[in-house]
file model-v4.pdb (PDB, C-alpha atoms and all ligand atoms)
MODEL        1
ATOM      1  CA  MET A  21       0.000   0.000   0.000
ATOM      2  CA  GLY A  22       2.037   2.943  -1.247
ATOM      3  CA  TRP A  23      -0.111   5.878  -0.224
ATOM      4  CA  LEU A  24      -0.341   4.937   3.425
ATOM      5  CA  GLN A  25       1.437   2.316   5.486
ATOM      6  CA  LEU A  26       0.235   1.153   8.863
ATOM      7  CA  ASN A  27       2.196  -0.045  11.841
ATOM      8  CA  ARG A  28      -0.187  -2.534  13.370
ATOM      9  CA  GLN A  29      -3.672  -3.745  12.575
ATOM     10  CA  TYR A  30      -5.943  -4.875  15.359
ATOM     11  CA  ALA A  31      -8.813  -2.455  15.690
ATOM     12  CA  THR A  32     -12.168  -3.941  16.604
ATOM     13  CA  LEU A  33     -15.622  -2.598  16.044
ATOM     14  CA  SER A  34     -18.823  -3.759  17.664
ATOM     15  CA  SER A  35     -22.278  -3.114  16.318
ATOM     16  CA  THR A  36     -23.200  -0.178  18.533
ATOM     17  CA  HIS A  37     -21.320   2.983  19.346
ATOM     18  CA  THR A  38     -21.863   2.680  23.103
ATOM     19  CA  ASN A  39     -20.429  -0.843  23.298
ATOM     20  CA  SER A  40     -17.681  -0.230  20.819
ATOM     21  CA  THR A  41     -14.085  -1.080  21.475
ATOM     22  CA  LEU A  42     -11.757   1.133  19.542
ATOM     23  CA  HIS A  43      -8.053   0.502  19.920
ATOM     24  CA  LYS A  44      -5.771   3.345  18.939
ATOM     25  CA  ASP A  45      -2.907   1.389  17.497
ATOM     26  CA  HIS A  46      -2.937   2.378  13.861
ATOM     27  CA  SER A  47      -0.255   4.997  13.641
ATOM     28  CA  PRO A  48       0.679   5.430  10.019
ATOM     29  CA  THR A  49       4.399   5.366   9.376
ATOM     30  CA  HIS A  50       4.195   6.969   5.973
ATOM     31  CA  ILE A  51       1.703   9.099   4.064
ATOM     32  CA  GLU A  52       2.757  10.158   0.590
ATOM     33  CA  GLY A  53       2.787  13.860  -0.103
ATOM     34  CA  ILE A  54       1.720  14.971   3.349
ATOM     35  CA  HIS A  55       4.052  17.073   5.418
ATOM     36  CA  ILE A  56       3.370  16.087   8.988
ATOM     37  CA  GLU A  57       4.786  19.374  10.308
ATOM     38  CA  ASP A  58       2.121  21.281   8.333
ATOM     39  CA  ILE A  59      -0.676  19.614  10.250
ATOM     40  CA  HIS A  60      -2.246  21.954  12.738
ATOM     41  CA  ILE A  61      -5.579  21.668  14.483
ATOM     42  CA  ASN A  62      -5.058  24.614  16.761
ATOM     43  CA  ASN A  63      -7.429  25.361  19.541
ATOM     44  CA  PRO A  64     -10.811  24.293  18.126
ATOM     45  CA  GLN A  65     -13.634  26.645  19.075
ATOM     46  CA  PRO A  66     -17.257  25.630  19.810
ATOM     47  CA  HIS A  67     -19.434  24.382  16.985
ATOM     48  CA  ARG A  68     -20.599  27.006  14.534
ATOM     49  CA  TYR A  69     -22.434  24.208  12.725
ATOM     50  CA  PRO A  70     -23.473  21.589  15.332
ATOM     51  CA  PRO A  71     -23.954  17.918  14.399
ATOM     52  CA  VAL A  72     -27.424  17.208  13.052
ATOM     53  CA  ALA A  73     -29.864  14.462  14.088
ATOM     54  CA  THR A  74     -28.875  11.078  12.673
ATOM     55  CA  ASP A  75     -32.307  10.589  11.108
ATOM     56  CA  LEU A  76     -32.016  13.764   9.013
ATOM     57  CA  PRO A  77     -31.445  12.819   5.352
ATOM     58  CA  ASP A  78     -28.217  14.065   3.736
ATOM     59  CA  ALA A  79     -30.200  16.267   1.349
ATOM     60  CA  SER A  80     -31.672  18.199   4.306
ATOM     61  CA  LEU A  81     -28.315  19.082   5.860
ATOM     62  CA  PRO A  82     -27.417  22.790   5.847
ATOM     63  CA  PHE A  83     -25.390  23.736   2.776
ATOM     64  CA  ILE A  84     -21.925  25.032   3.686
ATOM     65  CA  PRO A  85     -19.894  26.467   0.814
ATOM     66  CA  ALA A  86     -16.451  25.061  -0.024
ATOM     67  CA  SER A  87     -14.857  28.391   0.918
ATOM     68  CA  THR A  88     -16.121  27.955   4.494
ATOM     69  CA  VAL A  89     -14.900  24.353   4.644
ATOM     70  CA  LEU A  90     -11.433  25.380   3.477
ATOM     71  CA  ASP A  91     -11.056  28.307   5.827
ATOM     72  CA  ALA A  92      -9.951  27.403   9.365
ATOM     73  CA  GLU A  93     -11.414  30.594  10.889
ATOM     74  CA  SER A  94     -14.797  30.043   9.238
ATOM     75  CA  ARG A  95     -15.086  26.510  10.566
ATOM     76  CA  ASN A  96     -13.887  27.603  14.020
ATOM     77  CA  HIS A  97     -10.702  25.539  13.637
ATOM     78  CA  ARG A  98     -12.703  22.348  13.852
ATOM     79  CA  LEU A  99     -11.568  19.114  12.245
ATOM     80  CA  TRP A 100     -13.908  18.881   9.290
ATOM     81  CA  LEU A 101     -13.545  16.058   6.760
ATOM     82  CA  VAL A 102     -15.515  15.839   3.531
ATOM     83  CA  ILE A 103     -16.674  12.447   2.305
ATOM     84  CA  ASP A 104     -18.989  12.296  -0.715
ATOM     85  CA  ASN A 105     -19.861  15.990  -0.264
ATOM     86  CA  ILE A 106     -20.944  15.514   3.363
ATOM     87  CA  ILE A 107     -19.005  17.319   6.103
ATOM     88  CA  TYR A 108     -18.062  15.313   9.208
ATOM     89  CA  ASP A 109     -16.878  17.164  12.312
ATOM     90  CA  SER A 110     -14.303  14.747  13.688
ATOM     91  CA  THR A 111     -12.864  17.072  16.345
ATOM     92  CA  ASP A 112     -14.097  14.974  19.245
ATOM     93  CA  PHE A 113     -13.813  11.606  17.500
ATOM     94  CA  VAL A 114     -10.215  11.954  16.346
ATOM     95  CA  SER A 115      -8.700  10.863  19.652
ATOM     96  CA  GLU A 116     -10.721   7.610  19.449
ATOM     97  CA  HIS A 117     -10.058   6.941  15.772
ATOM     98  CA  PRO A 118      -8.564   3.447  15.352
ATOM     99  CA  GLY A 119      -6.724   4.639  12.257
ATOM    100  CA  GLY A 120      -4.948   7.254  14.369
ATOM    101  CA  SER A 121      -5.095  11.030  14.384
ATOM    102  CA  THR A 122      -2.443  11.718  11.727
ATOM    103  CA  VAL A 123      -4.546  10.592   8.777
ATOM    104  CA  MET A 124      -7.545  12.567   9.969
ATOM    105  CA  ASN A 125      -5.574  15.713  10.728
ATOM    106  CA  SER A 126      -3.923  15.569   7.341
ATOM    107  CA  PHE A 127      -7.302  15.882   5.596
ATOM    108  CA  VAL A 128      -8.774  18.720   7.618
ATOM    109  CA  GLY A 129     -10.949  20.924   5.395
ATOM    110  CA  LYS A 130     -10.432  18.541   2.472
ATOM    111  CA  ASP A 131     -12.177  15.779   0.624
ATOM    112  CA  CYS A 132     -10.971  12.272   1.537
ATOM    113  CA  SER A 133     -13.751  10.159   0.007
ATOM    114  CA  TRP A 134     -11.747   7.507  -1.815
ATOM    115  CA  GLN A 135      -9.277   7.140   1.042
ATOM    116  CA  PHE A 136     -12.172   6.710   3.482
ATOM    117  CA  TRP A 137     -13.830   4.004   1.402
ATOM    118  CA  ARG A 138     -10.584   2.045   1.166
ATOM    119  CA  PHE A 139     -10.533   1.496   4.919
ATOM    120  CA  HIS A 140     -14.160   1.553   6.009
ATOM    121  CA  THR A 141     -17.510  -0.039   5.283
ATOM    122  CA  GLU A 142     -21.023   1.372   5.105
ATOM    123  CA  GLU A 143     -21.478   0.018   8.627
ATOM    124  CA  HIS A 144     -18.504   2.036   9.947
ATOM    125  CA  MET A 145     -20.017   5.112   8.384
ATOM    126  CA  LYS A 146     -23.462   4.399   9.813
ATOM    127  CA  VAL A 147     -22.282   3.672  13.347
ATOM    128  CA  TYR A 148     -19.417   6.171  13.701
ATOM    129  CA  GLY A 149     -19.766   8.724  10.927
ATOM    130  CA  ARG A 150     -23.448   9.570  10.792
ATOM    131  CA  GLY A 151     -23.504  11.339  14.150
ATOM    132  CA  LEU A 152     -20.637  13.599  13.048
ATOM    133  CA  ARG A 153     -22.477  15.182  10.097
ATOM    134  CA  VAL A 154     -22.689  18.962  10.238
ATOM    135  CA  GLY A 155     -23.535  19.891   6.666
ATOM    136  CA  ARG A 156     -23.266  19.224   2.972
ATOM    137  CA  THR A 157     -21.018  20.970   0.511
ATOM    138  CA  LYS A 158     -19.793  20.938  -3.071
ATOM    139  CA  GLY A 159     -16.486  21.520  -4.824
ATOM    140  CA  VAL A 160     -14.098  20.623  -1.985
ATOM    141  CA  LYS A 161     -11.061  18.970  -3.549
ATOM    142  CA  ASN A 162      -9.253  15.779  -2.671
ATOM    143  CA  PRO A 163      -5.522  16.538  -2.555
ATOM    144  CA  PHE A 164      -4.671  13.130  -4.046
ATOM    145  CA  ARG A 165      -5.760  11.466  -7.236
ATOM    146  CA  GLU A 166      -7.138   7.985  -6.686
ATOM    147  CA  PRO A 167      -4.638   5.439  -8.019
ATOM    148  CA  ALA A 168      -6.007   3.075 -10.651
ATOM    149  CA  ARG A 169      -6.842  -0.406  -9.450
ATOM    150  CA  TYR A 170      -6.089  -3.519 -11.450
ATOM    151  CA  VAL A 171      -7.266  -7.107 -11.475
ATOM    152  CA  GLY A 172      -4.505  -8.910 -13.339
ATOM    153  CA  LEU A 173      -3.765  -6.623 -16.282
ATOM    154  CA  ARG A 174      -7.237  -5.139 -16.322
ATOM    155  CA  ARG A 175      -7.829  -1.685 -14.917
ATOM    156  CA  LEU A 176     -10.964  -1.151 -12.818
ATOM    157  CA  GLY A 177     -12.600   2.259 -13.264
ATOM    158  CA  ASN A 178     -11.041   5.281 -14.975
ATOM    159  CA  ALA A 179     -11.796   3.499 -18.251
ATOM    160  CA  ASP A 180     -11.498   6.722 -20.238
ATOM    161  CA  GLU A 181      -7.829   7.087 -19.404
ATOM    162  CA  GLY A 182      -6.474   4.050 -21.294
ATOM    163  CA  TRP A 183      -3.366   2.132 -20.289
ATOM    164  CA  ASP A 184      -0.408   3.478 -18.383
TER     165      ASP A 184
HETATM  166  C1  LIG B 201     -15.732  10.525   9.564
HETATM  167  C2  LIG B 201     -14.520  10.054   9.421
HETATM  168  C3  LIG B 201     -14.037   8.699   9.923
HETATM  169  C4  LIG B 201     -14.639   7.791  10.746
HETATM  170  C5  LIG B 201     -16.007   7.894  11.407
HETATM  171  C6  LIG B 201     -13.732   6.666  10.879
HETATM  172  C7  LIG B 201     -13.969   5.537  11.630
HETATM  173  C8  LIG B 201     -13.148   4.438  11.714
HETATM  174  C9  LIG B 201     -13.428   3.211  12.412
HETATM  175  C10 LIG B 201     -14.740   2.906  13.150
HETATM  176  C11 LIG B 201     -12.370   2.396  12.252
HETATM  177  C12 LIG B 201     -12.218   0.945  12.798
HETATM  178  C13 LIG B 201     -12.451   0.020  11.651
HETATM  179  C14 LIG B 201     -12.369  -1.457  12.042
HETATM  180  O1  LIG B 201     -12.481  -1.773  13.204
HETATM  181  O2  LIG B 201     -12.237  -2.262  11.133
HETATM  182  C15 LIG B 201     -11.404   3.092  11.469
HETATM  183  C16 LIG B 201     -10.166   2.580  11.105
HETATM  184  C17 LIG B 201      -9.306   3.209  10.238
HETATM  185  N1  LIG B 201      -9.477   4.421   9.636
HETATM  186 FE1  LIG B 201     -11.017   5.671   9.904
HETATM  187  N2  LIG B 201     -12.606   6.912  10.143
HETATM  188  C18 LIG B 201     -12.756   8.141   9.534
HETATM  189  C19 LIG B 201     -11.874   8.768   8.677
HETATM  190  C20 LIG B 201     -10.728   8.212   8.207
HETATM  191  C21 LIG B 201      -9.872   8.794   7.194
HETATM  192  C22 LIG B 201     -10.149  10.114   6.501
HETATM  193  C23 LIG B 201      -8.842   7.923   6.999
HETATM  194  C24 LIG B 201      -7.700   7.990   6.038
HETATM  195  C25 LIG B 201      -7.584   8.873   5.109
HETATM  196  C26 LIG B 201      -9.038   6.807   7.897
HETATM  197  C27 LIG B 201      -8.181   5.731   8.002
HETATM  198  C28 LIG B 201      -8.396   4.647   8.819
HETATM  199  C29 LIG B 201      -7.483   3.537   8.888
HETATM  200  C30 LIG B 201      -6.173   3.423   8.135
HETATM  201  C31 LIG B 201      -8.048   2.627   9.780
HETATM  202  C32 LIG B 201      -7.491   1.284  10.184
HETATM  203  C33 LIG B 201      -7.989   0.307   9.117
HETATM  204  C34 LIG B 201      -7.622  -1.138   9.378
HETATM  205  O3  LIG B 201      -7.822  -1.607  10.491
HETATM  206  O4  LIG B 201      -7.189  -1.790   8.437
HETATM  207  N3  LIG B 201     -10.188   7.018   8.609
HETATM  208  N4  LIG B 201     -11.884   4.345  11.142
ENDMDL
END

call {"tool": "encode", "arguments": {"input": "model-v4.pdb", "output": "structure tokens"}}
result
Amino acid sequence: MGWLQLNRQYATLSSTHTNSTLHKDHSPTHIEGIHIEDIHINNPQPHRYPPVATDLPDASLPFIPASTVLDAESRNHRLWLVIDNIIYDSTDFVSEHPGGSTVMNSFVGKDCSWQFWRFHTEEHMKVYGRGLRVGRTKGVKNPFREPARYVGLRRLGNADEGWD
């Protein structure tokens, strides 16, 4: 796994948040293109956009423009991650994240959809992510292009791009 390498892998997840056991032993040793010293979640302020009820459909979330997501002041220095155009406030969850804090901090104010779906299932999102939703947005960029995936010599997805 070139983009991210993990030290150890033994996180566990139970079916409910309250009974969950989350071990914090997934410190990445290497993340391509990310300068660890640039990561700064300084002094998060209270919610400007509080988490919404879990039964609220995504389409009903307040719309927050990309400029607000990108700007640390505008989001009160909170750890916002964008996955499939939904904003997740992970400020309080980051210390419990089994994948460690470095990966989360490195995507603050950015889109990390494909990276998220490489490591998590719909169930992870439902149990742990849904309660972190604060809004929806559009146009927030992922800093990394998703690498092509192959089965044998056959590329999956990105069919328009031809062969490397
Ligand atoms: C809303 C945001 C996120 C939530 C709610 C979340 C939640 C979780 C949970 C519940 C696990 C444990 C999975 C298990 O037991 O199998 C996990 C593991 C992990 N997460 Fe996240 N995560 C989030 C964002 C991210 C992001 C943005 C990245 C990377 C870019 C990431 C990387 C990882 C990694 C590497 C693991 C360990 C995977 C493994 O065990 O193989 N997470 N996360």

call {"tool": "resolve_selection", "arguments": {"input": "model-v4.pdb", "expression": "the PyMOL selection byres (((chain A and resi 127-141) around 10) and not hetatm)", "output": "number ranges by chain"}}
result
A: 23-24, 54, 59-61, 86-92, 95, 97-111, 119, 122-126, 142-146, 158-167

call {"tool": "write_last_selection", "arguments": {"input": "model-v4.pdb", "atoms": "C-alpha atoms", "output": "mmCIF file, keeping the file's coordinate frame"}}
result
data_model
loop_
_atom_site.group_PDB
_atom_site.id
_atom_site.type_symbol
_atom_site.label_atom_id
_atom_site.label_comp_id
_atom_site.auth_asym_id
_atom_site.auth_seq_id
_atom_site.Cartn_x
_atom_site.Cartn_y
_atom_site.Cartn_z
ATOM 1 C CA TRP A 23 -0.111 5.878 -0.224
ATOM 2 C CA LEU A 24 -0.341 4.937 3.425
ATOM 3 C CA ILE A 54 1.720 14.971 3.349
ATOM 4 C CA ILE A 59 -0.676 19.614 10.250
ATOM 5 C CA HIS A 60 -2.246 21.954 12.738
ATOM 6 C CA ILE A 61 -5.579 21.668 14.483
ATOM 7 C CA ALA A 86 -16.451 25.061 -0.024
ATOM 8 C CA SER A 87 -14.857 28.391 0.918
ATOM 9 C CA THR A 88 -16.121 27.955 4.494
ATOM 10 C CA VAL A 89 -14.900 24.353 4.644
ATOM 11 C CA LEU A 90 -11.433 25.380 3.477
ATOM 12 C CA ASP A 91 -11.056 28.307 5.827
ATOM 13 C CA ALA A 92 -9.951 27.403 9.365
ATOM 14 C CA ARG A 95 -15.086 26.510 10.566
ATOM 15 C CA HIS A 97 -10.702 25.539 13.637
ATOM 16 C CA ARG A 98 -12.703 22.348 13.852
ATOM 17 C CA LEU A 99 -11.568 19.114 12.245
ATOM 18 C CA TRP A 100 -13.908 18.881 9.290
ATOM 19 C CA LEU A 101 -13.545 16.058 6.760
ATOM 20 C CA VAL A 102 -15.515 15.839 3.531
ATOM 21 C CA ILE A 103 -16.674 12.447 2.305
ATOM 22 C CA ASP A 104 -18.989 12.296 -0.715
ATOM 23 C CA ASN A 105 -19.861 15.990 -0.264
ATOM 24 C CA ILE A 106 -20.944 15.514 3.363
ATOM 25 C CA ILE A 107 -19.005 17.319 6.103
ATOM 26 C CA TYR A 108 -18.062 15.313 9.208
ATOM 27 C CA ASP A 109 -16.878 17.164 12.312
ATOM 28 C CA SER A 110 -14.303 14.747 13.688
ATOM 29 C CA THR A 111 -12.864 17.072 16.345
ATOM 30 C CA GLY A 119 -6.724 4.639 12.257
ATOM 31 C CA THR A 122 -2.443 11.718 11.727
ATOM 32 C CA VAL A 123 -4.546 10.592 8.777
ATOM 33 C CA MET A 124 -7.545 12.567 9.969
ATOM 34 C CA ASN A 125 -5.574 15.713 10.728
ATOM 35 C CA SER A 126 -3.923 15.569 7.341
ATOM 36 C CA GLU A 142 -21.023 1.372 5.105
ATOM 37 C CA GLU A 143 -21.478 0.018 8.627
ATOM 38 C CA HIS A 144 -18.504 2.036 9.947
ATOM 39 C CA MET A 145 -20.017 5.112 8.384
ATOM 40 C CA LYS A 146 -23.462 4.399 9.813
ATOM 41 C CA LYS A 158 -19.793 20.938 -3.071
ATOM 42 C CA GLY A 159 -16.486 21.520 -4.824
ATOM 43 C CA VAL A 160 -14.098 20.623 -1.985
ATOM 44 C CA LYS A 161 -11.061 18.970 -3.549
ATOM 45 C CA ASN A 162 -9.253 15.779 -2.671
ATOM 46 C CA PRO A 163 -5.522 16.538 -2.555
ATOM 47 C CA PHE A 164 -4.671 13.130 -4.046
ATOM 48 C CA ARG A 165 -5.760 11.466 -7.236
ATOM 49 C CA GLU A 166 -7.138 7.985 -6.686
ATOM 50 C CA PRO A 167 -4.638 5.439 -8.019
#

call {"tool": "atom_distance", "arguments": {"input": "model-v4.pdb", "atom1": "atom CA of A:Pro70", "atom2": "atom C29 of ligand LIG 201 (chain B)"}}
result
25.0 Å

call {"tool": "resolve_selection", "arguments": {"input": "model-v4.pdb", "expression": "the PyMOL selection byres (((chain A and resi 74) around 12) and not hetatm)", "output": "number ranges by chain"}}
result
A: 71-73, 75-78, 80-81, 145-155

call {"tool": "atom_distance", "arguments": {"input": "model-v4.pdb", "atom1": "atom C19 of ligand LIG 201 (chain B)", "atom2": "atom CA of A:Gln65"}}
result
20.8 Å

call {"tool": "atom_distance", "arguments": {"input": "model-v4.pdb", "atom1": "atom CA of A:Pro66", "atom2": "atom CA of A:Phe113"}}
result
14.6 Å

call {"tool": "closest_residue", "arguments": {"input": "model-v4.pdb", "among": "A:Gly172, A:Pro64, A:Pro85, A:Gly120", "to": "ligand LIG 201 (chain B)", "atoms": "all atoms listed in the file"}}
result
A:Gly120

call {"tool": "axis_aligned_box", "arguments": {"input": "model-v4.pdb", "around": "stretch 62-75 of chain A", "padding_each_side": "8 Å", "output": "JSON"}}
result
{"center_x": -18.7, "center_y": 18.8, "center_z": 15.5, "size_x": 43.2, "size_y": 32.4, "size_z": 24.7}

call {"tool": "closest_residue", "arguments": {"input": "model-v4.pdb", "among": "A:Pro118, A:His67, A:Tyr170, A:Asp112", "to": "ligand LIG 201 (chain B)", "atoms": "all atoms listed in the file"}}
result
A:Pro118

call {"tool": "closest_residue", "arguments": {"input": "model-v4.pdb", "among": "A:Thr157, A:Asn96, A:Ser121, A:Asn63", "to": "ligand LIG 201 (chain B)", "atoms": "only C-alpha atoms and all ligand atoms"}}
result
A:Ser121

call {"tool": "closest_residue", "arguments": {"input": "model-v4.pdb", "among": "A:Ala79, A:Ile84, A:Ser94, A:Glu116", "to": "ligand LIG 201 (chain B)", "atoms": "only C-alpha atoms and all ligand atoms"}}
result
A:Glu116

call {"tool": "closest_residue", "arguments": {"input": "model-v4.pdb", "among": "A:Val114, A:Arg156, A:Arg169, A:Arg175", "to": "ligand LIG 201 (chain B)", "atoms": "only C-alpha atoms and all ligand atoms"}}
result
A:Val114
